[in-house]
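K.L.:
Input file: coords.tsv. Contents: TSV, C-alpha atoms.
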chain	number	residue	atom	x	y	z
A	5	MET	CA	160.90	93.87	99.41
A	6	ILE	CA	159.04	96.66	101.16
A	7	GLY	CA	160.11	99.83	102.95
A	8	GLU	CA	162.53	102.68	102.32
A	9	ARG	CA	164.59	102.85	105.53
A	10	PHE	CA	163.20	99.90	107.50
A	11	VAL	CA	163.50	97.47	104.58
A	12	ALA	CA	162.11	93.93	104.73
A	13	MET	CA	162.76	91.12	102.24
A	14	SER	CA	160.69	87.94	102.50
A	15	PHE	CA	162.00	84.57	101.32
A	16	GLY	CA	160.92	80.93	101.17
A	17	GLU	CA	157.95	78.87	100.00
A	18	SER	CA	155.10	77.12	101.81
A	19	HIS	CA	156.54	73.63	101.33
A	20	GLY	CA	160.20	74.59	100.90
A	21	ARG	CA	162.83	74.06	103.60
A	22	CYS	CA	162.04	77.30	105.44
A	23	VAL	CA	160.47	80.74	105.29
A	24	GLY	CA	162.12	83.87	106.58
A	25	MET	CA	162.73	87.58	106.50
A	26	VAL	CA	165.78	89.84	106.25
A	27	VAL	CA	165.33	93.29	107.81
A	28	ASP	CA	167.82	96.04	106.99
A	29	GLY	CA	167.71	99.46	108.63
A	30	CYS	CA	166.75	98.54	112.18
A	31	PRO	CA	168.64	100.95	114.46
A	32	ALA	CA	171.50	99.64	116.58
A	33	GLY	CA	170.95	99.35	120.31
A	34	LEU	CA	167.48	97.77	120.48
A	35	SER	CA	167.35	94.94	123.00
A	36	LEU	CA	166.13	91.88	121.08
A	37	ASP	CA	165.94	88.13	121.41
A	38	GLU	CA	163.99	85.32	119.79
A	39	GLY	CA	161.27	85.57	122.44
A	40	ASP	CA	160.28	89.03	121.19
A	41	ILE	CA	159.54	87.53	117.76
A	42	GLN	CA	158.19	84.20	119.01
A	43	ARG	CA	155.41	85.86	120.99
A	44	PHE	CA	153.78	87.10	117.77
A	45	LEU	CA	154.52	83.94	115.78
A	46	ASP	CA	152.77	81.85	118.43
A	47	LEU	CA	149.61	83.91	117.93
A	48	ARG	CA	149.67	83.22	114.19
A	49	LYS	CA	150.89	79.63	113.93
A	50	PRO	CA	148.60	76.88	112.56
A	51	GLY	CA	146.97	74.01	114.43
A	52	GLN	CA	145.96	75.96	117.53
A	53	SER	CA	142.24	75.18	117.44
A	54	ILE	CA	139.58	73.16	115.62
A	55	ILE	CA	138.71	76.12	113.37
A	56	THR	CA	142.15	76.41	111.74
A	57	THR	CA	144.25	74.20	109.47
A	58	GLN	CA	145.51	71.10	111.25
A	59	ARG	CA	149.00	71.47	109.77
A	60	LYS	CA	151.27	71.32	112.82
A	61	GLU	CA	154.20	73.71	112.68
A	62	GLU	CA	156.26	74.73	115.70
A	63	ASP	CA	157.25	77.96	113.93
A	64	LYS	CA	160.25	78.39	116.21
A	65	VAL	CA	162.19	81.42	115.03
A	66	GLU	CA	165.96	81.55	114.66
A	67	ILE	CA	167.78	84.88	114.46
A	68	LEU	CA	170.87	84.32	112.33
A	69	SER	CA	172.43	87.78	112.14
A	70	GLY	CA	172.25	91.39	113.23
A	71	VAL	CA	172.00	90.74	116.99
A	72	PHE	CA	175.00	90.59	119.34
A	73	ASP	CA	175.01	90.33	123.15
A	74	GLY	CA	171.23	90.85	123.17
A	75	PHE	CA	171.16	94.07	121.13
A	76	THR	CA	170.69	94.89	117.46
A	77	THR	CA	173.95	95.94	115.80
A	78	GLY	CA	172.60	97.99	112.89
A	79	ALA	CA	173.47	95.16	110.47
A	80	PRO	CA	170.80	93.25	108.49
A	81	ILE	CA	168.76	90.93	110.71
A	82	CYS	CA	167.99	87.52	109.19
A	83	MET	CA	165.22	85.46	110.79
A	84	LEU	CA	163.75	82.14	109.71
A	85	ILE	CA	161.51	79.26	110.71
A	86	TRP	CA	161.80	75.73	109.34
A	87	ASN	CA	158.91	73.97	107.59
A	88	LYS	CA	158.46	70.59	109.29
A	89	ASP	CA	154.92	69.38	108.59
A	90	SER	CA	154.31	69.98	104.89
A	91	ASP	CA	152.44	67.36	102.84
A	92	SER	CA	152.93	67.97	99.12
A	93	LYS	CA	151.16	64.87	97.76
A	94	PRO	CA	147.75	66.57	97.30
A	95	TYR	CA	149.39	69.31	95.23
A	96	ASP	CA	151.20	66.85	92.96
A	97	MET	CA	147.77	65.46	92.03
A	98	ILE	CA	146.34	68.85	91.04
A	99	LYS	CA	149.39	70.71	89.70
A	100	ASN	CA	147.75	71.01	86.26
A	101	ILE	CA	144.31	71.82	87.66
A	102	PRO	CA	144.10	75.48	88.78
A	103	ARG	CA	142.04	75.90	91.93
A	104	PRO	CA	139.25	78.48	91.70
A	105	GLY	CA	140.08	81.58	93.73
A	106	HIS	CA	143.83	80.82	93.80
A	107	ALA	CA	146.85	82.25	91.95
A	108	ASP	CA	147.59	78.86	90.33
A	109	TYR	CA	146.77	79.85	86.74
A	110	PRO	CA	148.33	83.35	86.56
A	111	SER	CA	151.50	82.12	88.32
A	112	LEU	CA	151.72	79.17	85.91
A	113	VAL	CA	151.64	81.58	82.98
A	114	LYS	CA	153.96	84.18	84.54
A	115	TYR	CA	156.70	81.74	85.59
A	116	GLY	CA	156.37	79.27	82.73
A	117	GLY	CA	155.67	76.30	85.02
A	118	PHE	CA	158.87	76.72	87.07
A	119	ALA	CA	157.24	78.16	90.22
A	120	ASP	CA	156.95	75.96	93.30
A	121	TYR	CA	153.25	75.05	93.29
A	122	ARG	CA	153.31	72.99	96.52
A	123	GLY	CA	151.07	74.56	99.13
A	124	SER	CA	150.72	77.61	96.84
A	125	GLY	CA	154.46	78.30	97.06
A	126	ARG	CA	155.14	82.04	97.38
A	127	PHE	CA	151.42	82.81	97.24
A	128	SER	CA	150.60	80.87	100.41
A	129	GLY	CA	149.30	82.30	103.67
A	130	ARG	CA	152.29	80.51	105.17
A	131	LEU	CA	154.37	83.50	104.05
A	132	THR	CA	152.49	85.75	106.48
A	133	ALA	CA	154.88	84.32	109.08
A	134	THR	CA	157.61	86.39	107.41
A	135	LEU	CA	155.56	89.57	107.87
A	136	VAL	CA	155.18	88.66	111.53
A	137	MET	CA	158.95	88.31	111.97
A	138	ALA	CA	159.68	91.79	110.63
A	139	GLY	CA	156.61	93.32	112.24
A	140	ALA	CA	157.35	91.94	115.70
A	141	LEU	CA	160.74	93.64	115.50
A	142	ALA	CA	159.10	96.87	114.31
A	143	ALA	CA	156.45	96.72	117.04
A	144	LYS	CA	159.08	96.51	119.78
A	145	LEU	CA	161.07	99.36	118.23
A	146	LEU	CA	157.97	101.59	118.07
A	147	LYS	CA	156.78	100.83	121.60
A	148	LYS	CA	160.19	101.24	123.23
A	149	THR	CA	161.13	104.50	121.48
A	150	LEU	CA	157.82	106.28	120.82
A	151	GLY	CA	155.17	104.45	122.83
A	152	ILE	CA	153.26	103.53	119.66
A	153	GLU	CA	151.06	100.44	119.95
A	154	THR	CA	148.96	98.64	117.34
A	155	VAL	CA	146.11	96.25	118.10
A	156	ALA	CA	143.96	94.28	115.64
A	157	TYR	CA	140.87	92.20	116.31
A	158	THR	CA	138.06	90.42	114.49
A	159	THR	CA	134.85	92.41	114.06
A	160	GLU	CA	132.99	90.25	111.55
A	161	ILE	CA	132.98	86.68	110.20
A	162	GLY	CA	130.38	85.28	107.84
A	163	GLY	CA	128.11	88.30	108.34
A	164	ILE	CA	128.17	87.96	112.16
A	165	ARG	CA	129.23	91.32	113.61
A	166	ALA	CA	130.77	92.24	116.94
A	167	THR	CA	128.96	95.04	118.77
A	168	ASN	CA	130.26	94.90	122.35
A	169	MET	CA	133.93	95.96	122.24
A	170	THR	CA	135.26	97.72	125.34
A	171	LYS	CA	138.93	98.50	125.98
A	172	GLU	CA	139.13	95.63	128.43
A	173	LEU	CA	137.57	93.16	125.98
A	174	ILE	CA	139.90	94.28	123.18
A	175	ALA	CA	142.89	93.73	125.47
A	176	ALA	CA	141.72	90.11	125.96
A	177	ARG	CA	141.05	89.51	122.23
A	178	TYR	CA	143.47	86.59	122.01
A	179	ASP	CA	141.68	84.65	124.73
A	180	ASN	CA	139.17	83.13	122.28
A	181	ASP	CA	139.65	81.15	119.07
A	182	VAL	CA	138.36	83.82	116.65
A	183	ARG	CA	140.16	86.79	118.33
A	184	CYS	CA	136.94	88.77	118.67
A	185	PRO	CA	136.44	91.06	121.70
A	186	ASP	CA	132.66	90.50	121.72
A	187	LEU	CA	132.43	87.10	123.44
A	188	GLN	CA	128.85	86.41	122.38
A	189	ALA	CA	129.61	87.21	118.76
A	190	ALA	CA	132.85	85.19	119.02
A	191	GLN	CA	130.91	82.04	119.94
A	192	SER	CA	128.51	82.54	117.01
A	193	MET	CA	131.45	83.12	114.65
A	194	LYS	CA	133.12	79.91	115.80
A	195	GLU	CA	129.93	77.93	115.24
A	196	ALA	CA	129.54	79.47	111.76
A	197	ILE	CA	133.12	78.50	110.83
A	198	LEU	CA	132.58	74.91	111.99
A	199	GLU	CA	129.34	74.72	110.00
A	200	ALA	CA	131.09	76.04	106.88
A	201	ARG	CA	133.87	73.47	107.28
A	202	LYS	CA	131.31	70.69	107.75
A	203	SER	CA	129.66	71.65	104.46
A	204	GLY	CA	133.04	71.78	102.68
A	205	ASP	CA	133.03	75.56	102.40
A	206	SER	CA	134.72	78.63	103.91
A	207	LEU	CA	133.99	82.09	105.30
A	208	GLY	CA	135.50	85.57	105.08
A	209	GLY	CA	135.43	88.47	107.49
A	210	ILE	CA	136.70	91.84	108.67
A	211	ILE	CA	139.49	92.85	111.03
A	212	GLU	CA	139.76	96.27	112.62
A	213	CYS	CA	143.19	97.67	113.47
A	214	VAL	CA	143.98	100.68	115.67
A	215	SER	CA	147.38	102.34	116.16
A	216	THR	CA	147.80	104.79	119.05
A	217	GLY	CA	150.54	107.07	120.33
A	218	LEU	CA	151.60	108.45	116.95
A	219	PRO	CA	153.09	111.94	116.74
A	220	VAL	CA	151.54	114.49	114.39
A	221	GLY	CA	153.02	114.63	110.88
A	222	LEU	CA	154.29	111.08	110.33
A	223	GLY	CA	154.14	110.21	106.62
A	224	GLU	CA	154.85	111.92	103.31
A	225	PRO	CA	152.50	113.55	100.79
A	226	ILE	CA	151.20	111.90	97.60
A	227	PHE	CA	152.90	108.56	96.84
A	228	ALA	CA	154.39	107.87	100.27
A	229	SER	CA	151.35	108.82	102.33
A	230	LEU	CA	150.60	106.68	105.36
A	231	GLU	CA	147.43	105.46	103.67
A	232	SER	CA	149.37	104.55	100.50
A	233	ASP	CA	152.06	102.59	102.31
A	234	LEU	CA	149.72	100.97	104.82
A	235	SER	CA	147.42	99.87	102.01
A	236	LYS	CA	150.36	98.38	100.13
A	237	VAL	CA	151.49	96.23	103.03
A	238	LEU	CA	147.95	95.20	103.98
A	239	PHE	CA	147.19	94.10	100.43
A	240	SER	CA	150.38	91.99	100.63
A	241	ILE	CA	148.52	89.72	103.05
A	242	PRO	CA	146.92	86.85	101.08
A	243	ALA	CA	143.08	86.97	100.98
A	244	VAL	CA	142.87	90.72	101.71
A	245	LYS	CA	140.49	92.33	99.22
A	246	ALA	CA	139.47	95.59	100.93
A	247	VAL	CA	141.04	98.26	103.13
A	248	GLU	CA	139.35	101.37	104.54
A	249	PHE	CA	140.42	104.14	106.90
A	250	GLY	CA	138.22	105.99	109.38
A	251	SER	CA	134.66	106.35	108.14
A	252	GLY	CA	135.72	104.69	104.87
A	253	PHE	CA	132.83	103.80	102.58
A	254	ALA	CA	130.33	105.04	105.15
A	255	GLY	CA	131.88	108.50	104.79
A	256	SER	CA	130.94	108.56	101.12
A	257	LYS	CA	127.30	108.69	102.20
A	258	MET	CA	127.77	111.65	104.56
A	259	ARG	CA	127.84	115.38	103.99
A	260	GLY	CA	131.12	117.20	104.48
A	261	SER	CA	129.85	118.91	107.63
A	262	GLU	CA	129.07	115.46	109.08
A	263	ASN	CA	132.32	113.78	108.03
A	264	ASN	CA	134.72	116.60	108.99
A	265	ASP	CA	136.48	116.26	112.35
A	266	SER	CA	136.44	119.53	114.31
A	267	TYR	CA	139.35	120.46	116.59
A	268	LEU	CA	139.51	121.12	120.32
A	269	ILE	CA	142.08	121.23	123.11
A	270	LYS	CA	141.98	118.55	125.81
A	271	ASP	CA	144.53	118.49	128.63
A	272	GLY	CA	146.73	120.84	126.61
A	273	THR	CA	146.69	118.62	123.50
A	274	ILE	CA	144.99	119.39	120.21
A	275	ILE	CA	142.62	116.58	119.23
A	276	THR	CA	139.47	116.19	117.14
A	277	ARG	CA	135.93	115.60	118.45
A	278	THR	CA	135.44	112.70	116.02
A	279	ASN	CA	137.87	110.59	114.02
A	280	ASN	CA	136.21	110.04	110.66
A	281	ALA	CA	139.60	110.66	109.00
A	282	GLY	CA	140.96	107.60	110.78
A	283	GLY	CA	143.97	109.48	112.14
A	284	ILE	CA	145.37	110.45	108.73
A	285	LEU	CA	144.97	113.77	106.86
A	286	GLY	CA	146.78	114.51	103.60
A	287	GLY	CA	148.70	111.27	104.06
A	288	LEU	CA	150.11	112.47	107.41
A	289	SER	CA	149.27	111.29	110.92
A	290	SER	CA	146.98	113.75	112.71
A	291	GLY	CA	147.80	112.60	116.25
A	292	MET	CA	144.50	110.76	116.55
A	293	PRO	CA	144.40	106.93	116.51
A	294	ILE	CA	144.89	105.42	113.06
A	295	VAL	CA	141.81	103.28	112.47
A	296	MET	CA	141.68	100.72	109.64
A	297	ARG	CA	139.34	97.94	108.63
A	298	ILE	CA	140.60	95.08	106.47
A	299	GLY	CA	138.30	92.80	104.49
A	300	PHE	CA	139.34	89.16	103.95
A	301	LYS	CA	137.73	87.03	101.26
A	302	PRO	CA	136.57	83.47	102.09
A	303	ALA	CA	139.45	81.00	102.04
A	304	ALA	CA	139.81	79.76	98.45
A	305	SER	CA	140.66	76.12	99.23
A	306	VAL	CA	137.35	74.36	99.84
A	307	ALA	CA	136.34	70.70	99.86
A	308	LYS	CA	133.13	71.48	98.00
A	309	THR	CA	133.26	70.34	94.36
A	310	GLN	CA	133.80	73.19	91.89
A	311	LEU	CA	134.14	73.40	88.13
A	312	THR	CA	137.60	74.20	86.76
A	313	LEU	CA	140.02	73.17	83.97
A	314	ASP	CA	142.62	70.49	83.49
A	315	ILE	CA	145.30	72.57	81.76
A	316	SER	CA	147.23	69.53	80.48
A	317	ARG	CA	144.15	68.11	78.75
A	318	LYS	CA	142.51	71.47	77.99
A	319	GLU	CA	139.17	70.24	79.21
A	320	GLN	CA	136.81	71.08	82.04
A	321	THR	CA	136.87	68.98	85.18
A	322	ASN	CA	135.50	68.96	88.71
A	323	LEU	CA	137.73	69.65	91.70
A	324	ALA	CA	137.34	69.24	95.45
A	325	VAL	CA	140.55	70.72	96.86
A	326	PRO	CA	142.45	68.10	98.93
A	327	GLY	CA	144.76	68.84	101.86
A	328	ARG	CA	144.61	70.73	105.16
A	329	HIS	CA	143.25	74.25	104.95
A	330	ASP	CA	141.77	77.02	107.10
A	331	PRO	CA	137.98	77.23	106.70
A	332	CYS	CA	138.44	80.91	107.60
A	333	VAL	CA	141.74	82.80	107.64
A	334	VAL	CA	140.45	85.67	109.78
A	335	PRO	CA	141.14	84.13	113.24
A	336	ARG	CA	144.86	83.85	112.49
A	337	ALA	CA	145.13	87.26	110.82
A	338	PRO	CA	145.09	89.82	113.71
A	339	PRO	CA	148.78	89.34	114.64
A	340	VAL	CA	149.68	89.49	110.93
A	341	VAL	CA	147.83	92.80	110.54
A	342	GLU	CA	149.40	94.23	113.70
A	343	CYS	CA	152.87	93.33	112.46
A	344	ALA	CA	152.33	94.52	108.89
A	345	VAL	CA	151.13	97.92	110.12
A	346	SER	CA	154.05	98.18	112.55
A	347	MET	CA	156.51	97.67	109.69
A	348	VAL	CA	155.19	100.72	107.84
A	349	LEU	CA	155.01	102.93	110.93
A	350	ALA	CA	158.59	102.03	111.88
A	351	ASP	CA	159.78	102.79	108.35
A	352	HIS	CA	158.17	106.24	108.40
A	353	ALA	CA	159.43	106.99	111.91
A	354	ILE	CA	163.01	106.23	110.83
A	355	ARG	CA	162.54	108.21	107.57
A	356	SER	CA	161.38	111.25	109.54
A	357	GLY	CA	164.31	111.03	111.95
A	358	ILE	CA	162.23	110.68	115.12
A	359	ILE	CA	163.81	107.26	115.66
A	360	PRO	CA	167.62	107.62	115.48
A	361	LEU	CA	169.89	105.10	113.78
A	362	VAL	CA	171.68	104.35	117.06
A	363	LEU	CA	169.55	104.09	120.21
A	364	ARG	CA	170.77	105.43	123.53
A	365	ARG	CA	169.26	104.94	126.97
A	366	ASP	CA	167.54	108.34	126.70
A	367	ASP	CA	165.73	107.23	123.50
A	368	TYR	CA	163.55	104.74	125.38
A	369	VAL	CA	160.13	105.68	126.68
A	370	GLY	CA	159.60	102.37	128.48
Go ahead and render the structure in this file as structure tokens.
P.N.:
Amino acid sequence: MIGERFVAMSFGESHGRCVGMVVDGCPAGLSLDEGDIQRFLDLRKPGQSIITTQRKEEDKVEILSGVFDGFTTGAPICMLIWNKDSDSKPYDMIKNIPRPGHADYPSLVKYGGFADYRGSGRFSGRLTATLVMAGALAAKLLKKTLGIETVAYTTEIGGIRATNMTKELIAARYDNDVRCPDLQAAQSMKEAILEARKSGDSLGGIIECVSTGLPVGLGEPIFASLESDLSKVLFSIPAVKAVEFGSGFAGSKMRGSENNDSYLIKDGTIITRTNNAGGILGGLSSGMPIVMRIGFKPAASVAKTQLTLDISRKEQTNLAVPGRHDPCVVPRAPPVVECAVSMVLADHAIRSGIIPLVLRRDDYVG
């Protein structure tokens, strides 16, 4: 579970009957139907291009509770999608052979061999669909009541970096297979992913995420800072190994006078000349865009032969991971990042009281 007031509980396994999410704390009175959730799930679902896993899942969401006559009721909202194209045979063959880079061995020890190992079970990227369900709900709540929007896009894959990223290009980020605004870089990234797959390997990359429209002062000091809670949810996405805000690691190489953001008034609003803080100061939103970069490791399941152990025999063995896998998880991750971030922002907005528990017509900004 995650969240204090907008609370989300994920359930299901990669090759179980279904995966889903229960959200408690969503205000009553938000217009909602399956299409609001499906739009984000369609951006994340597998089998959409030649650079993703060829597992074919419709990922059609069903809302089971908490919505009546097209509006949220204030009761817990249960959403799920059914697993229809799982193939567990490859995992039965390697259940005693931990895959390098996966959670197979620590989960085997922690759960005493009772955990569902098929398709990585609870540790699978399949479970990001549950984050999307809750986050799609949160995103609509934030946009309708506060005008807050979050966008995420690919900026790097396999060392290939995007450099040309205008507002218009970012708005069209989902029009190419790698979700990169820089079309020239996007083509090179796609070619690099195909080459990695051909050689039985995988690639990692970086996603940038920007949230706009936030009021000043959202968040809590110390343990419930926006950076703390955003980092927690982002590290809940499988394959994420790094998160930075604003100038991030680059800021550690600057002087304070270079990294500090000086204030000014523009059109009657206090803003900063630069945004090295990434929109967060002291754990609170500053009113500037929240800017994050998220680093994804190369997908762990590769066809290339690697050395590992056969736990049952206690001897070393070679393993080429069978099955259908993404050669790079980054192209499918932008909607997951957008939704994960929206969950945290909605939680803090409800905590602070700027989103009421029952929505009226006057609470909507659009």
K.L.:
From the list A:Pro335, A:Ala303, A:Pro80, A:Ile354, which residue is nearest A:Pro185 when using only C-alpha atoms?
P.N.:
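Using only C-alpha atoms, A:Pro185 sits closest to A:Pro335.
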K.L.:
Restricting the calculation to only C-alpha atoms, which member of A:Thr76, A:Ser215, A:Ser289, A:Ser206 is positioned closest to A:Ser229?
P.N.:
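Of all the options, A:Ser289 lies closest to A:Ser229.
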K.L.:
I'd like the interatomic distance between atom CA of A:Phe75 and atom CA of A:Ala350, to a tenth of an Å.
P.N.:
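We find that atom CA of A:Phe75 and atom CA of A:Ala350 lie 17.5 Å from each other.
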K.L.:
Using atom CA of A:Ser18 and atom CA of A:Val247 as the two end points, give the distance in Å to one decimal.
P.N.:
25.4 Å
K.L.:
Can you tell me which residues surround A:Pro219 at a distance of at most 12 Å, considering all atoms listed in the file, apart from same-chain residues fewer than 2 positions away, and format the answer as a list of chain:residue names?
P.N.:
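Contacts, with the query itself left out: A:Leu146, A:Thr149, A:Leu150, A:Gly151, A:Ile152, A:Ser215, A:Thr216, A:Gly217, A:Gly221, A:Leu222, A:Gly223, A:Thr273, A:Ile274, A:Ile275, A:Gly283, A:Ile284, A:Leu288, A:Ser289, A:Ser290, A:Gly291, A:Met292, A:Pro293, A:Ile294, A:Leu349, A:His352, A:Ala353, A:Ser356, A:Ile358, A:Ile359.
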K.L.:
When distances are computed from all atoms listed in the file, which of A:Ile241, A:Ala190, A:Ala200, A:Met25 shows the smallest separation from A:Ala344?
P.N.:
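Distance minimum relative to A:Ala344 lands on A:Ile241.
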K.L.:
What's the 9 Å shell around A:Lys148, counting only C-alpha atoms, without same-chain residues fewer than 5 positions away, as a ChimeraX atom specification?
P.N.:
/A:34,143,367-370
K.L.:
Show me as an MDAnalysis selection string the residues that reach within 12 Å of (157.6, 66.8, 104.8), counting only C-alpha atoms and using the file's own coordinates.
P.N.:
chainID A and resid 18:22 59:61 86:93 122:123
K.L.:
Find the residues around A:Asp181 up to 9 Å (only C-alpha atoms counted), leave out those fewer than 4 positions away in its own chain, and share them as a PyMOL selection string.
P.N.:
chain A and resi 52-55+190-191+194+335-336
K.L.:
My list of candidates is A:Gly260, A:Gly24, A:Gly286, A:Pro331. Which is closest to A:Glu199 when distances are computed with all atoms listed in the file?
P.N.:
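Of A:Gly260, A:Gly24, A:Gly286, A:Pro331, the one nearest A:Glu199 is A:Pro331, counting all atoms listed in the file.
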K.L.:
Give the answer as one residue: which of A:Gly327, A:Gly16, A:Pro102, A:Gly29 has the shortest atom-to-atom distance to A:Ile315, using all atoms listed in the file?
P.N.:
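Closest candidate: A:Pro102.
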K.L.:
Could you check the closest approach to A:Glu342 for each of A:Asp233, A:Asp40, A:Glu212, A:Glu195 and tell me which residue wins, using all atoms listed in the file?
P.N.:
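Using all atoms listed in the file, A:Glu342 sits closest to A:Glu212.
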K.L.:
Excluding A:Pro104 and residues on its chain fewer than 2 positions from it, collect all residues at most 10 Å away from it, counting only C-alpha atoms, and give them as an mmCIF file with C-alpha atoms, in the coordinates of the input.
P.N.:
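Final file, part-v9.cif:
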data_model
loop_
_atom_site.group_PDB
_atom_site.id
_atom_site.type_symbol
_atom_site.label_atom_id
_atom_site.label_comp_id
_atom_site.auth_asym_id
_atom_site.auth_seq_id
_atom_site.Cartn_x
_atom_site.Cartn_y
_atom_site.Cartn_z
ATOM 1 C CA ILE A 101 144.310 71.820 87.660
ATOM 2 C CA PRO A 102 144.100 75.480 88.780
ATOM 3 C CA HIS A 106 143.830 80.820 93.800
ATOM 4 C CA ALA A 107 146.850 82.250 91.950
ATOM 5 C CA ASP A 108 147.590 78.860 90.330
ATOM 6 C CA TYR A 109 146.770 79.850 86.740
ATOM 7 C CA ALA A 304 139.810 79.760 98.450
ATOM 8 C CA SER A 305 140.660 76.120 99.230
ATOM 9 C CA VAL A 306 137.350 74.360 99.840
ATOM 10 C CA GLN A 310 133.800 73.190 91.890
ATOM 11 C CA LEU A 311 134.140 73.400 88.130
ATOM 12 C CA THR A 312 137.600 74.200 86.760
ATOM 13 C CA LEU A 313 140.020 73.170 83.970
ATOM 14 C CA LEU A 323 137.730 69.650 91.700
ATOM 15 C CA VAL A 325 140.550 70.720 96.860
#
K.L.:
Hey, can you check how far atom CA of A:Leu234 sits from atom CA of A:Ser346?
P.N.:
9.3 Å
K.L.:
Counting all atoms listed in the file, which residues sit no farther than 6 Å from the position (141.3, 90.9, 100.2) in the file's frame? I'd like them as a list in words.
P.N.:
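These residues have at least one counted atom within 6 Å: Ala243, Val244, Lys245, Ala246, Gly299, Phe300 and Lys301 of chain A.
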K.L.:
Would you output that residue set with C-alpha atoms, as a short mmCIF file (atom, residue, chain, number, x, y, z; two decimals), in the coordinates of the input?
P.N.:
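Once everything was written out, this is part-v3.cif:
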data_model
loop_
_atom_site.label_atom_id
_atom_site.label_comp_id
_atom_site.auth_asym_id
_atom_site.auth_seq_id
_atom_site.Cartn_x
_atom_site.Cartn_y
_atom_site.Cartn_z
CA ALA A 243 143.08 86.97 100.98
CA VAL A 244 142.87 90.72 101.71
CA LYS A 245 140.49 92.33 99.22
CA ALA A 246 139.47 95.59 100.93
CA GLY A 299 138.30 92.80 104.49
CA PHE A 300 139.34 89.16 103.95
CA LYS A 301 137.73 87.03 101.26
#
K.L.:
Could you give me, as number ranges by chain, the residues within 9 Å of A:Met137, counting all atoms listed in the file and dropping anything in the same chain fewer than 6 positions from it?
P.N.:
A: 24-25, 41-42, 44-45, 65, 83-84, 343
K.L.:
Would you fill the gaps in stretch 295-299 of chain A so it has all heavy atoms, then print it as a tab-separated table (two decimals), in the coordinates of the input?
P.N.:
chain	number	residue	atom	x	y	z
A	295	VAL	N	142.83	104.32	112.44
A	295	VAL	CA	141.81	103.28	112.47
A	295	VAL	C	141.62	102.71	111.07
A	295	VAL	O	141.32	103.45	110.13
A	295	VAL	CB	140.46	103.81	113.01
A	295	VAL	CG1	139.43	102.69	113.05
A	295	VAL	CG2	140.64	104.43	114.39
A	296	MET	N	141.81	101.41	110.93
A	296	MET	CA	141.68	100.72	109.64
A	296	MET	C	140.77	99.52	109.78
A	296	MET	O	140.71	98.91	110.85
A	296	MET	CB	143.06	100.23	109.16
A	296	MET	CG	144.10	101.31	108.96
A	296	MET	SD	145.80	100.67	109.17
A	296	MET	CE	145.96	100.78	110.96
A	297	ARG	N	140.09	99.20	108.70
A	297	ARG	CA	139.34	97.94	108.63
A	297	ARG	C	139.79	97.20	107.38
A	297	ARG	O	139.90	97.79	106.30
A	297	ARG	CB	137.83	98.21	108.63
A	297	ARG	CG	137.27	98.47	110.01
A	297	ARG	CD	135.85	98.96	109.98
A	297	ARG	NE	135.76	100.28	109.36
A	297	ARG	CZ	136.01	101.42	110.03
A	297	ARG	NH1	136.37	101.38	111.29
A	297	ARG	NH2	135.92	102.57	109.41
A	298	ILE	N	140.02	95.90	107.54
A	298	ILE	CA	140.60	95.08	106.47
A	298	ILE	C	139.64	93.94	106.17
A	298	ILE	O	139.29	93.16	107.06
A	298	ILE	CB	141.99	94.54	106.89
A	298	ILE	CG1	142.93	95.71	107.23
A	298	ILE	CG2	142.58	93.70	105.77
A	298	ILE	CD1	143.01	96.05	108.70
A	299	GLY	N	139.23	93.84	104.90
A	299	GLY	CA	138.30	92.80	104.49
A	299	GLY	C	139.02	91.60	103.90
A	299	GLY	O	139.83	91.74	102.97
